[in-house]
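All remarks here apply to the structure that follows.
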Amino acid sequence: MSTPSLRDGNAGPVAPSPIQEKPAWHVSGALALLLVLVLLFGGTVSFVWGVVHHVPAGVALWAVGWLVALVVWSGLKIISPGDTRVVQFFGTYIGTVRRPGLIMTAPLTLGTKVSVKVRNFETNELKVNDADGNPVNIAAIVVWQVEDTAKACFAVESYGQFVATQSESALRHIASSHPYDATQPGVESLRGSTEQVAQELAEEVSSRIALAGLRVVETRISSLAYAPEIAQAMLQRQQAAAIIAAREKIVEGAVTMVQSALGRLEEEHIVDLDDERKATMVANLLVVLCGDQRATPVINTGSLYAG
């Protein structure tokens, strides 16, 4: 009989079907524990009776009772709240028990403890170049939990280390896809769009760790800053941008105030101004409104025109 090929036509490599979590057979462990105690006590009584009365059958009953008790005892498991047991029978996965308490599964099985509690993982502070090529230091917190215990045990070597490695890899990719600060409106940045960046990070980490049966609950950016070698230069750039934005706002307000003042003067016929006087008035008002220092008023009693 020929060995099946790893390729099926032109469809590429055929991946083995992954193990899916399934419930394992189990019953209440209290009844099983009671049965073990009865067998041990009955076997002991049979042994003493057989030795005293020289009856070989009593010794045989003792051996059988203790053997059955040991077999039943091998199926007893204690599961704490938030934990599960992945049950294997001589290396074969037969199911997962999620019920907490004392339970009994199939005898002669091994149970691997797998916690399904929510866990936190904080990445190391990574040095990454953002979309503009600027080096930034960034770190994130990933909240995750085991969703499929079978995949977590058998799909990867260590699912805890797998989460750590994939989270840092996804964080590097997300950080390099966005600029630290948005230079244009509508562009998502690491500093200005933290919620969107965290959502993208959660989706990418989820897609990377799904094969291990793990689920991302939430992600957050815990640390974000320019790298020390460019931090001072970037701070000066931010300060310059803030000063320019403030100046633009001041000029915009001053122009609005000058326009309103000229309009009121014309509407109420307080004074008639020609173009030259309007230009002089506008220049004076803009100097007063846009200047950094307090203006000193000068009262002009003369005329702008000679003669």
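Numbering starts fresh at 1 for the residues of each chain in the structure tokens, the chains themselves are lettered A, B, ... in the order given, and ligands are numbered from 1 as they appear.
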
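Once Pro107 in chain A and its same-chain neighbours fewer than 4 positions away are set aside, Val71, Val72, Ser74 and Gly75 of chain A remain within 6 Å of it when counting only C-alpha atoms.
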
Range 88-125 of chain A near range 23-30 of chain A within 6 Å: what's each residue's closest atom pair and its distance in Å to one decimal, counting only C-alpha atoms, ordered by chain then ascending residue number, as CSV?
```
residue,atom,partner,partner_atom,distance
A:Gly95,CA,A:Ala24,CA,3.9
A:Thr96,CA,A:Pro23,CA,4.9
A:Val97,CA,A:Ala24,CA,5.6
A:Leu102,CA,A:Gly29,CA,4.8
A:Ile103,CA,A:Gly29,CA,3.8
A:Met104,CA,A:Gly29,CA,4.8
A:Thr105,CA,A:His26,CA,4.4
```

Let's have the selection written as an mmCIF file, in the first residue's frame, with N, CA and C atoms.
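The resulting result_37.cif:
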```cif
data_model
loop_
_atom_site.group_PDB
_atom_site.id
_atom_site.type_symbol
_atom_site.label_atom_id
_atom_site.label_comp_id
_atom_site.auth_asym_id
_atom_site.auth_seq_id
_atom_site.Cartn_x
_atom_site.Cartn_y
_atom_site.Cartn_z
ATOM 1 N N GLY A 95 -10.295 13.776 25.800
ATOM 2 C CA GLY A 95 -11.236 14.840 26.125
ATOM 3 C C GLY A 95 -10.730 15.735 27.240
ATOM 4 N N THR A 96 -11.531 16.759 27.536
ATOM 5 C CA THR A 96 -11.207 17.741 28.574
ATOM 6 C C THR A 96 -12.344 17.823 29.574
ATOM 7 N N VAL A 97 -11.993 17.881 30.842
ATOM 8 C CA VAL A 97 -12.978 18.034 31.915
ATOM 9 C C VAL A 97 -12.894 19.461 32.431
ATOM 10 N N LEU A 102 -14.252 17.259 42.826
ATOM 11 C CA LEU A 102 -13.726 15.903 42.769
ATOM 12 C C LEU A 102 -14.512 15.114 41.730
ATOM 13 N N ILE A 103 -13.851 14.659 40.682
ATOM 14 C CA ILE A 103 -14.521 13.915 39.611
ATOM 15 C C ILE A 103 -13.727 12.642 39.321
ATOM 16 N N MET A 104 -14.367 11.763 38.598
ATOM 17 C CA MET A 104 -13.702 10.537 38.159
ATOM 18 C C MET A 104 -13.815 10.423 36.655
ATOM 19 N N THR A 105 -12.687 10.236 36.001
ATOM 20 C CA THR A 105 -12.648 10.009 34.564
ATOM 21 C C THR A 105 -12.298 8.543 34.319
#
```

- Message: List as a count of residues only the protein and nucleic acid residues near range 189-193 of chain A, meaning an atom at most 6 Å away when only C-alpha atoms are counted, but skip any in the same chain fewer than 5 places from it.
- Response: 5

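Here the question is which of A:Lys22, A:Gly82, A:Phe89, A:Gly43 gets nearest to Leu70 in chain A using only C-alpha atoms, and that residue is A:Gly43.
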
- Task: Fewer than 6 positions away in the same chain doesn't count, so skip those; otherwise give me all residues within 6 Å of range 112-125 of chain A, counting only C-alpha atoms, as a list of chain:residue names.
- Result: A:Gly82, A:Asp83, A:Thr84, A:Arg85, A:Val86, A:Ile138, A:Ala139, A:Ala140, A:Ile141, A:Val142, A:Val143, A:Trp144, A:Gln145, A:Val146

- Backbone DSSP call of helix (DSSP H, G or I) for range 72-175 of chain A, listed as number ranges by chain: A: 72-73, 149-154, 159-175

- Query: Smallest atom-to-atom distance to Tyr93 in chain A: which of A:Ser260, A:Thr165, A:Ser46, A:Thr109, using only C-alpha atoms?
  - Reply: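 Once distances to Tyr93 in chain A are computed over only C-alpha atoms, the minimum belongs to A:Thr109.
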
- Task: For CA of Trp62 in chain A and CA of Thr44 in chain A, determine how far apart the two atoms are, in Å to one decimal place.
- Result: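 CA of Trp62 in chain A sits 6.0 Å away from CA of Thr44 in chain A.
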
- Query: Pick from A:Leu39, A:Val258, A:Gly101, A:Ala106: nearest to Ala283 in chain A, with only C-alpha atoms counted?
  - Reply: A:Val258
